[in-house]
Each structure stands twice: as structure tokens, then as C-alpha cells.
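Data block for target_34.cif (mmCIF, N, CA and C atoms):
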data_my_file
loop_
_atom_site.label_atom_id
_atom_site.label_comp_id
_atom_site.auth_asym_id
_atom_site.auth_seq_id
_atom_site.Cartn_x
_atom_site.Cartn_y
_atom_site.Cartn_z
N MET K 1 9.98 20.39 -44.63
CA MET K 1 8.79 20.80 -45.35
C MET K 1 7.58 20.07 -44.76
N ILE K 2 6.53 20.81 -44.54
CA ILE K 2 5.33 20.24 -43.93
C ILE K 2 4.25 20.12 -45.01
N GLN K 3 3.72 18.92 -45.15
CA GLN K 3 2.61 18.71 -46.07
C GLN K 3 1.39 18.42 -45.23
N SER K 4 0.34 19.16 -45.46
CA SER K 4 -0.87 18.93 -44.67
C SER K 4 -2.09 19.09 -45.54
N ALA K 5 -3.16 18.51 -45.08
CA ALA K 5 -4.45 18.64 -45.74
C ALA K 5 -5.49 18.84 -44.67
N SER K 6 -6.54 19.54 -44.99
CA SER K 6 -7.60 19.74 -44.02
C SER K 6 -8.94 19.52 -44.68
N ALA K 7 -9.89 19.11 -43.86
CA ALA K 7 -11.24 18.83 -44.36
C ALA K 7 -12.25 19.45 -43.42
N VAL K 8 -13.32 19.99 -43.98
CA VAL K 8 -14.40 20.57 -43.20
C VAL K 8 -15.68 19.88 -43.62
N PHE K 9 -16.43 19.35 -42.66
CA PHE K 9 -17.70 18.71 -42.97
C PHE K 9 -18.63 18.82 -41.79
N ARG K 10 -19.91 18.66 -42.05
CA ARG K 10 -20.92 18.77 -41.00
C ARG K 10 -21.02 17.45 -40.25
N LEU K 11 -21.13 17.55 -38.92
CA LEU K 11 -21.34 16.38 -38.08
C LEU K 11 -22.80 16.23 -37.67
N ASP K 12 -23.58 17.23 -37.94
CA ASP K 12 -24.97 17.24 -37.49
C ASP K 12 -25.88 17.58 -38.66
N ASN K 13 -27.19 17.54 -38.40
CA ASN K 13 -28.10 17.98 -39.44
C ASN K 13 -28.24 19.50 -39.38
N GLU K 14 -28.96 20.08 -40.30
CA GLU K 14 -28.99 21.53 -40.41
C GLU K 14 -29.72 22.22 -39.27
N ASN K 15 -30.60 21.53 -38.56
CA ASN K 15 -31.41 22.18 -37.53
C ASN K 15 -30.83 22.08 -36.13
N SER K 16 -29.71 21.35 -35.98
CA SER K 16 -29.20 21.19 -34.63
C SER K 16 -28.11 22.20 -34.32
N GLY K 17 -27.75 22.30 -33.06
CA GLY K 17 -26.74 23.23 -32.59
C GLY K 17 -26.74 23.18 -31.08
N PHE K 18 -26.30 24.24 -30.46
CA PHE K 18 -26.31 24.31 -29.01
C PHE K 18 -27.46 25.18 -28.55
N SER K 19 -28.08 24.79 -27.47
CA SER K 19 -29.14 25.58 -26.88
C SER K 19 -29.07 25.41 -25.37
N PHE K 20 -28.69 26.48 -24.68
CA PHE K 20 -28.56 26.43 -23.23
C PHE K 20 -29.49 27.45 -22.60
N ARG K 21 -29.89 27.16 -21.38
CA ARG K 21 -30.63 28.13 -20.59
C ARG K 21 -29.86 28.35 -19.30
N ARG K 22 -29.71 29.62 -18.93
CA ARG K 22 -28.97 29.97 -17.72
C ARG K 22 -29.84 30.90 -16.91
N ALA K 23 -29.95 30.64 -15.62
CA ALA K 23 -30.78 31.45 -14.73
C ALA K 23 -29.89 32.25 -13.79
N SER K 24 -30.29 33.48 -13.55
CA SER K 24 -29.61 34.29 -12.53
C SER K 24 -30.68 34.71 -11.52
N TYR K 25 -30.39 34.44 -10.25
CA TYR K 25 -31.34 34.71 -9.17
C TYR K 25 -30.95 35.99 -8.45
N TYR K 26 -31.96 36.73 -8.01
CA TYR K 26 -31.70 37.97 -7.29
C TYR K 26 -32.94 38.30 -6.45
N TYR K 27 -32.82 39.33 -5.63
CA TYR K 27 -33.93 39.78 -4.80
C TYR K 27 -34.39 41.15 -5.28
N LYS K 28 -35.71 41.31 -5.35
CA LYS K 28 -36.28 42.60 -5.73
C LYS K 28 -36.22 43.54 -4.53
N ASP K 29 -36.60 44.79 -4.76
CA ASP K 29 -36.57 45.78 -3.69
C ASP K 29 -37.49 45.41 -2.53
N ASP K 30 -38.60 44.73 -2.83
CA ASP K 30 -39.53 44.35 -1.77
C ASP K 30 -39.13 43.05 -1.07
N GLY K 31 -37.96 42.47 -1.39
CA GLY K 31 -37.48 41.27 -0.73
C GLY K 31 -37.91 39.98 -1.40
N GLU K 32 -38.70 40.06 -2.45
CA GLU K 32 -39.17 38.87 -3.14
C GLU K 32 -38.05 38.31 -4.02
N ARG K 33 -37.90 36.99 -3.99
CA ARG K 33 -36.87 36.35 -4.80
C ARG K 33 -37.36 36.26 -6.25
N ALA K 34 -36.45 36.58 -7.20
CA ALA K 34 -36.81 36.55 -8.61
C ALA K 34 -35.67 35.94 -9.40
N ARG K 35 -35.94 35.61 -10.65
CA ARG K 35 -34.89 35.08 -11.51
C ARG K 35 -35.11 35.56 -12.94
N ASP K 36 -34.01 35.64 -13.65
CA ASP K 36 -34.02 35.93 -15.08
C ASP K 36 -33.42 34.73 -15.78
N VAL K 37 -34.08 34.26 -16.83
CA VAL K 37 -33.58 33.13 -17.59
C VAL K 37 -33.09 33.63 -18.94
N SER K 38 -31.84 33.30 -19.27
CA SER K 38 -31.26 33.67 -20.55
C SER K 38 -31.15 32.42 -21.41
N ARG K 39 -31.49 32.52 -22.67
CA ARG K 39 -31.36 31.40 -23.58
C ARG K 39 -30.19 31.69 -24.51
N LEU K 40 -29.23 30.80 -24.54
CA LEU K 40 -28.03 30.95 -25.35
C LEU K 40 -28.05 29.90 -26.45
N VAL K 41 -27.91 30.32 -27.68
CA VAL K 41 -27.98 29.43 -28.82
C VAL K 41 -26.72 29.60 -29.64
N GLY K 42 -26.17 28.51 -30.16
CA GLY K 42 -24.96 28.61 -30.97
C GLY K 42 -24.81 27.42 -31.89
N ILE K 43 -23.72 27.40 -32.62
CA ILE K 43 -23.43 26.30 -33.52
C ILE K 43 -22.09 25.70 -33.13
N ARG K 44 -21.85 24.48 -33.56
CA ARG K 44 -20.58 23.80 -33.29
C ARG K 44 -19.80 23.72 -34.60
N ILE K 45 -18.56 24.16 -34.54
CA ILE K 45 -17.67 24.06 -35.70
C ILE K 45 -16.51 23.16 -35.30
N THR K 46 -16.34 22.07 -36.02
CA THR K 46 -15.24 21.15 -35.75
C THR K 46 -14.28 21.19 -36.92
N LEU K 47 -13.04 21.48 -36.64
CA LEU K 47 -12.01 21.51 -37.68
C LEU K 47 -11.09 20.32 -37.47
N SER K 48 -10.72 19.68 -38.56
CA SER K 48 -9.83 18.54 -38.49
C SER K 48 -8.68 18.77 -39.45
N ALA K 49 -7.47 18.60 -38.99
CA ALA K 49 -6.30 18.76 -39.84
C ALA K 49 -5.43 17.53 -39.68
N TYR K 50 -4.88 17.05 -40.76
CA TYR K 50 -4.02 15.90 -40.70
C TYR K 50 -2.92 16.08 -41.74
N GLY K 51 -1.84 15.40 -41.55
CA GLY K 51 -0.73 15.52 -42.48
C GLY K 51 0.51 14.84 -41.93
N VAL K 52 1.59 15.02 -42.64
CA VAL K 52 2.87 14.43 -42.25
C VAL K 52 3.87 15.56 -42.06
N ALA K 53 4.49 15.62 -40.90
CA ALA K 53 5.50 16.63 -40.63
C ALA K 53 6.86 15.98 -40.81
N THR K 54 7.70 16.61 -41.61
CA THR K 54 9.02 16.04 -41.84
C THR K 54 10.10 16.76 -41.04
N ARG K 55 9.85 18.02 -40.67
CA ARG K 55 10.84 18.78 -39.93
C ARG K 55 10.13 19.80 -39.06
N SER K 56 10.53 19.95 -37.84
CA SER K 56 9.91 20.95 -36.97
C SER K 56 10.86 22.13 -36.81
N ASN K 57 10.27 23.29 -36.71
CA ASN K 57 11.05 24.52 -36.58
C ASN K 57 10.42 25.34 -35.46
N MET K 58 11.18 25.67 -34.44
CA MET K 58 10.66 26.40 -33.29
C MET K 58 10.13 27.78 -33.70
N LEU K 59 10.79 28.44 -34.61
CA LEU K 59 10.36 29.76 -35.05
C LEU K 59 8.99 29.70 -35.73
N GLU K 60 8.78 28.69 -36.57
CA GLU K 60 7.47 28.54 -37.22
C GLU K 60 6.38 28.22 -36.20
N LEU K 61 6.70 27.42 -35.19
CA LEU K 61 5.74 27.10 -34.15
C LEU K 61 5.32 28.35 -33.39
N ILE K 62 6.29 29.17 -33.00
CA ILE K 62 5.99 30.41 -32.28
C ILE K 62 5.17 31.34 -33.16
N LEU K 63 5.53 31.43 -34.44
CA LEU K 63 4.79 32.29 -35.37
C LEU K 63 3.35 31.82 -35.53
N GLN K 64 3.14 30.52 -35.68
CA GLN K 64 1.78 29.99 -35.83
C GLN K 64 0.95 30.23 -34.58
N CYS K 65 1.54 30.04 -33.40
CA CYS K 65 0.82 30.30 -32.15
C CYS K 65 0.45 31.77 -32.02
N ALA K 66 1.37 32.65 -32.38
CA ALA K 66 1.08 34.09 -32.31
C ALA K 66 -0.04 34.47 -33.27
N ILE K 67 0.01 33.93 -34.47
CA ILE K 67 -1.05 34.22 -35.46
C ILE K 67 -2.39 33.71 -34.96
N GLY K 68 -2.41 32.52 -34.35
CA GLY K 68 -3.66 31.98 -33.81
C GLY K 68 -4.24 32.87 -32.73
N LEU K 69 -3.38 33.36 -31.82
CA LEU K 69 -3.87 34.24 -30.75
C LEU K 69 -4.39 35.56 -31.31
N VAL K 70 -3.72 36.10 -32.31
CA VAL K 70 -4.19 37.34 -32.94
C VAL K 70 -5.53 37.13 -33.61
N LEU K 71 -5.70 36.00 -34.29
CA LEU K 71 -6.97 35.72 -34.96
C LEU K 71 -8.11 35.54 -33.97
N LEU K 72 -7.83 34.96 -32.79
CA LEU K 72 -8.87 34.84 -31.78
C LEU K 72 -9.36 36.21 -31.32
N GLY K 73 -8.43 37.13 -31.11
CA GLY K 73 -8.81 38.49 -30.73
C GLY K 73 -9.53 39.21 -31.86
N PHE K 74 -9.10 38.97 -33.08
CA PHE K 74 -9.72 39.62 -34.23
C PHE K 74 -11.14 39.11 -34.47
N ALA K 75 -11.37 37.83 -34.15
CA ALA K 75 -12.69 37.24 -34.37
C ALA K 75 -13.77 37.98 -33.57
N SER K 76 -13.49 38.34 -32.33
CA SER K 76 -14.50 39.04 -31.53
C SER K 76 -14.75 40.44 -32.09
N SER K 77 -13.71 41.11 -32.54
CA SER K 77 -13.89 42.45 -33.13
C SER K 77 -14.69 42.36 -34.43
N LEU K 78 -14.40 41.36 -35.24
CA LEU K 78 -15.12 41.18 -36.50
C LEU K 78 -16.59 40.87 -36.23
N THR K 79 -16.85 40.03 -35.24
CA THR K 79 -18.23 39.70 -34.89
C THR K 79 -18.99 40.93 -34.39
N ASP K 80 -18.36 41.72 -33.53
CA ASP K 80 -18.99 42.95 -33.05
C ASP K 80 -19.31 43.90 -34.21
N TYR K 81 -18.37 44.05 -35.13
CA TYR K 81 -18.59 44.93 -36.28
C TYR K 81 -19.78 44.43 -37.11
N TYR K 82 -19.83 43.13 -37.36
CA TYR K 82 -20.91 42.57 -38.15
C TYR K 82 -22.26 42.77 -37.45
N MET K 83 -22.32 42.46 -36.15
CA MET K 83 -23.58 42.55 -35.42
C MET K 83 -24.06 43.99 -35.28
N CYS K 84 -23.14 44.95 -35.15
CA CYS K 84 -23.54 46.34 -34.91
C CYS K 84 -23.68 47.17 -36.18
N ASN K 85 -23.18 46.70 -37.31
CA ASN K 85 -23.22 47.53 -38.52
C ASN K 85 -23.86 46.87 -39.73
N ILE K 86 -23.77 45.55 -39.86
CA ILE K 86 -24.23 44.89 -41.08
C ILE K 86 -25.55 44.16 -40.88
N CYS K 87 -25.76 43.58 -39.72
CA CYS K 87 -26.96 42.77 -39.43
C CYS K 87 -28.24 43.58 -39.65
N ASP K 88 -29.33 42.88 -39.94
CA ASP K 88 -30.62 43.55 -40.11
C ASP K 88 -31.07 44.27 -38.84
N ASP K 89 -30.83 43.67 -37.69
CA ASP K 89 -31.23 44.26 -36.41
C ASP K 89 -30.07 44.97 -35.73
N ALA K 90 -29.22 45.61 -36.49
CA ALA K 90 -28.00 46.22 -35.95
C ALA K 90 -28.31 47.28 -34.89
N ARG K 91 -29.38 48.02 -35.07
CA ARG K 91 -29.68 49.08 -34.10
C ARG K 91 -29.99 48.49 -32.72
N PHE K 92 -30.61 47.30 -32.66
CA PHE K 92 -30.89 46.66 -31.38
C PHE K 92 -29.60 46.18 -30.72
N PHE K 93 -28.72 45.57 -31.51
CA PHE K 93 -27.45 45.09 -30.97
C PHE K 93 -26.60 46.26 -30.48
N ARG K 94 -26.58 47.33 -31.23
CA ARG K 94 -25.80 48.50 -30.85
C ARG K 94 -26.33 49.07 -29.54
N LYS K 95 -27.65 49.07 -29.39
CA LYS K 95 -28.27 49.63 -28.19
C LYS K 95 -27.94 48.81 -26.95
N TYR K 96 -27.92 47.47 -27.08
CA TYR K 96 -27.75 46.60 -25.92
C TYR K 96 -26.32 46.08 -25.74
N LYS K 97 -25.41 46.46 -26.61
CA LYS K 97 -24.04 45.97 -26.48
C LYS K 97 -23.41 46.47 -25.19
N ILE K 98 -23.59 47.74 -24.88
CA ILE K 98 -23.06 48.30 -23.65
C ILE K 98 -24.22 48.84 -22.85
N GLU K 99 -24.39 48.28 -21.66
CA GLU K 99 -25.46 48.73 -20.78
C GLU K 99 -24.84 49.34 -19.53
N ASP K 100 -25.38 50.46 -19.09
CA ASP K 100 -24.92 51.08 -17.86
C ASP K 100 -25.47 50.31 -16.67
N SER K 101 -24.63 50.08 -15.68
CA SER K 101 -25.08 49.40 -14.47
C SER K 101 -24.91 50.35 -13.29
N GLU K 102 -25.55 49.99 -12.21
CA GLU K 102 -25.45 50.84 -11.04
C GLU K 102 -24.06 50.71 -10.42
N ASP K 103 -23.70 51.67 -9.61
CA ASP K 103 -22.40 51.71 -8.97
C ASP K 103 -22.38 50.77 -7.76
N PHE K 104 -21.47 49.79 -7.75
CA PHE K 104 -21.37 48.83 -6.66
C PHE K 104 -20.20 49.12 -5.75
N SER K 105 -19.61 50.29 -5.81
CA SER K 105 -18.43 50.58 -5.00
C SER K 105 -18.74 50.61 -3.51
N ASP K 106 -19.98 50.87 -3.14
CA ASP K 106 -20.34 50.91 -1.73
C ASP K 106 -21.15 49.68 -1.32
N LEU K 107 -20.99 48.57 -2.02
CA LEU K 107 -21.77 47.36 -1.76
C LEU K 107 -21.49 46.80 -0.37
N ALA K 108 -20.22 46.74 0.03
CA ALA K 108 -19.90 46.19 1.35
C ALA K 108 -20.54 47.02 2.46
N GLU K 109 -20.52 48.33 2.31
CA GLU K 109 -21.13 49.21 3.31
C GLU K 109 -22.64 49.01 3.36
N ARG K 110 -23.27 48.87 2.18
CA ARG K 110 -24.72 48.65 2.16
C ARG K 110 -25.09 47.33 2.80
N LEU K 111 -24.27 46.29 2.60
CA LEU K 111 -24.57 44.99 3.21
C LEU K 111 -24.44 45.04 4.72
N GLN K 112 -23.48 45.82 5.22
CA GLN K 112 -23.32 45.94 6.67
C GLN K 112 -24.48 46.72 7.30
N ASN K 113 -25.10 47.59 6.55
CA ASN K 113 -26.18 48.41 7.08
C ASN K 113 -27.56 47.76 6.97
N LEU K 114 -27.62 46.51 6.50
CA LEU K 114 -28.90 45.83 6.42
C LEU K 114 -29.42 45.54 7.82
N ASP K 115 -30.72 45.51 7.96
CA ASP K 115 -31.28 45.17 9.26
C ASP K 115 -31.01 43.69 9.55
N PRO K 116 -30.93 43.32 10.83
CA PRO K 116 -30.56 41.95 11.21
C PRO K 116 -31.49 40.88 10.63
N GLU K 117 -32.77 41.20 10.50
CA GLU K 117 -33.72 40.23 9.94
C GLU K 117 -33.38 39.91 8.48
N LYS K 118 -33.08 40.93 7.71
CA LYS K 118 -32.72 40.75 6.31
C LYS K 118 -31.40 39.98 6.20
N GLN K 119 -30.44 40.25 7.09
CA GLN K 119 -29.18 39.52 7.07
C GLN K 119 -29.41 38.04 7.36
N ARG K 120 -30.26 37.72 8.35
CA ARG K 120 -30.57 36.32 8.67
C ARG K 120 -31.24 35.63 7.49
N TYR K 121 -32.17 36.33 6.84
CA TYR K 121 -32.86 35.76 5.69
C TYR K 121 -31.88 35.45 4.56
N MET K 122 -30.97 36.38 4.27
CA MET K 122 -30.00 36.16 3.19
C MET K 122 -29.05 35.02 3.54
N LEU K 123 -28.67 34.90 4.82
CA LEU K 123 -27.80 33.82 5.25
C LEU K 123 -28.50 32.47 5.13
N GLN K 124 -29.79 32.41 5.48
CA GLN K 124 -30.56 31.17 5.32
C GLN K 124 -30.66 30.78 3.86
N GLU K 125 -30.90 31.75 2.99
CA GLU K 125 -30.97 31.46 1.55
C GLU K 125 -29.64 30.93 1.03
N LYS K 126 -28.54 31.52 1.48
CA LYS K 126 -27.22 31.08 1.06
C LYS K 126 -26.96 29.65 1.52
N ARG K 127 -27.28 29.33 2.78
CA ARG K 127 -27.09 27.98 3.29
C ARG K 127 -27.97 26.98 2.55
N HIS K 128 -29.19 27.39 2.21
CA HIS K 128 -30.09 26.51 1.47
C HIS K 128 -29.52 26.20 0.08
N ARG K 129 -29.02 27.22 -0.61
CA ARG K 129 -28.43 27.01 -1.94
C ARG K 129 -27.21 26.09 -1.85
N GLN K 130 -26.39 26.27 -0.80
CA GLN K 130 -25.22 25.41 -0.64
C GLN K 130 -25.63 23.97 -0.37
N ALA K 131 -26.68 23.77 0.42
CA ALA K 131 -27.15 22.42 0.72
C ALA K 131 -27.68 21.73 -0.53
N VAL K 132 -28.44 22.47 -1.33
CA VAL K 132 -28.97 21.91 -2.58
C VAL K 132 -27.84 21.55 -3.52
N ALA K 133 -26.84 22.43 -3.64
CA ALA K 133 -25.70 22.15 -4.51
C ALA K 133 -24.92 20.94 -4.01
N ALA K 134 -24.77 20.79 -2.70
CA ALA K 134 -24.06 19.63 -2.15
C ALA K 134 -24.81 18.34 -2.46
N LYS K 135 -26.15 18.36 -2.33
CA LYS K 135 -26.95 17.17 -2.65
C LYS K 135 -26.81 16.80 -4.12
N LEU K 136 -26.86 17.82 -4.99
CA LEU K 136 -26.71 17.55 -6.42
C LEU K 136 -25.34 16.97 -6.73
N ASN K 137 -24.29 17.53 -6.14
CA ASN K 137 -22.94 17.01 -6.37
C ASN K 137 -22.79 15.59 -5.86
N LYS K 138 -23.41 15.30 -4.69
CA LYS K 138 -23.34 13.95 -4.14
C LYS K 138 -24.05 12.97 -5.07
N GLY K 139 -25.18 13.36 -5.63
CA GLY K 139 -25.91 12.50 -6.56
C GLY K 139 -25.13 12.26 -7.84
N ILE K 140 -24.42 13.26 -8.30
CA ILE K 140 -23.61 13.11 -9.52
C ILE K 140 -22.45 12.15 -9.26
N ARG K 141 -21.81 12.28 -8.10
CA ARG K 141 -20.69 11.41 -7.78
C ARG K 141 -21.12 9.96 -7.64
N LYS K 142 -22.32 9.71 -7.09
CA LYS K 142 -22.81 8.34 -6.93
C LYS K 142 -23.04 7.67 -8.28
N ARG K 143 -23.53 8.45 -9.27
CA ARG K 143 -23.81 7.88 -10.59
C ARG K 143 -22.54 7.49 -11.32
N ARG K 144 -21.45 8.14 -11.03
CA ARG K 144 -20.19 7.82 -11.72
C ARG K 144 -19.69 6.53 -11.20
#

Just give me the structure of the file as C-alpha cells.
Amino acid sequence: MIQSASAVFRLDNENSGFSFRRASYYYKDDGERARDVSRLVGIRITLSAYGVATRSNMLELILQCAIGLVLLGFASSLTDYYMCNICDDARFFRKYKIEDSEDFSDLAERLQNLDPEKQRYMLQEKRHRQAVAAKLNKGIRKRR
């Protein structure tokens, strides 16, 4: 028989949470480099469970793991339903949930057909990004 207790409490004040910014870089049709910055905001939920286990059962363990995996899948469906049907701005979420993108099936062919100047420019940009990333990683390793 397993006896357990769980407690839920806030670790932060009411105004805090997660706030990230992520940038994606790309080139416009005229060759100019551009970026889009996305702001991601969320909350942290910490669950703590404690108790005393007197007997373990493999069947119960498998059942609990299966239920946990099902609930993880169900959580995304429930969130989508709430955002697209119940929320005040549901029509906006419904509109932007699925966006059509251009067809990239011929991307390799299009890259091969670029003029040599554009290929050199893209290669220089790639090497520059790799050099910057290497410097940042080296600086992080030195601080540790």
C-alpha cells in the first residue's frame, strides 16, 4: 500500500514568470538581411510529491507511466480547444494556428541555381555566424 501526500504552492510572486525572446534571421528578396523577434511568455509550475512506499508493483508503475504519457498528449489538445473556442480572442488564435507556407521541395535545386556572387555572400555569412558562435562558446567555457 502506498501512502502519499502532495503540496502545491507558489515559489514566486504574482507578476513573475518566464519571458524569452528568440530571433530568426533570414534574407529578403532584395538580399538584405532581416530578422524577426518572437517574445515567448509563460509560467512555471512546480509539483512536489512525497510519501512512503511500502510495496512496489511493476504493473502499477507501467500503468502510471502510461497514464502520464496520455495526459501529456491530452494537455496539448485541451489547450488548443481552450485557445480556439473559449478564449476571448479565439478567432485570432484559430486564424494563426495553422499557417500555409511556401513549398520547399525544390530548395536544393534553387540553391544550386544561385549566381556565384550570392553563393559566396551566403557562405561568408555562414562562416561569420560560426565564428561568432565559436567565440561565444569559448567565452562561456572560460567562465566555468

Using the chain letters and numbering of this document, enumerate as a compact mmCIF listing (two decimals) with N, CA and C atoms, keeping the file's coordinate frame the residues selected by the PyMOL selection byres ((chain K and resi 39) around 6.5).
# COMPACT_ATOMS: atom_id res chain seq x y z
N SER K 19 -28.08 24.79 -27.47
CA SER K 19 -29.14 25.58 -26.88
C SER K 19 -29.07 25.41 -25.37
N PHE K 20 -28.69 26.48 -24.68
CA PHE K 20 -28.56 26.43 -23.23
C PHE K 20 -29.49 27.45 -22.60
N ARG K 21 -29.89 27.16 -21.38
CA ARG K 21 -30.63 28.13 -20.59
C ARG K 21 -29.86 28.35 -19.30
N ARG K 22 -29.71 29.62 -18.93
CA ARG K 22 -28.97 29.97 -17.72
C ARG K 22 -29.84 30.90 -16.91
N VAL K 37 -34.08 34.26 -16.83
CA VAL K 37 -33.58 33.13 -17.59
C VAL K 37 -33.09 33.63 -18.94
N SER K 38 -31.84 33.30 -19.27
CA SER K 38 -31.26 33.67 -20.55
C SER K 38 -31.15 32.42 -21.41
N LEU K 40 -29.23 30.80 -24.54
CA LEU K 40 -28.03 30.95 -25.35
C LEU K 40 -28.05 29.90 -26.45
N VAL K 41 -27.91 30.32 -27.68
CA VAL K 41 -27.98 29.43 -28.82
C VAL K 41 -26.72 29.60 -29.64

Would you mind reading off the distance between atom CA of Thr46 of chain K and atom CA of Phe74 of chain K, one decimal, in Å?
19.3 Å

So how many Å separate atom C of Leu78 of chain K and atom N of Leu63 of chain K, to one decimal?
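Value for the atom C of Leu78 of chain K-atom N of Leu63 of chain K distance: 24.1 Å.
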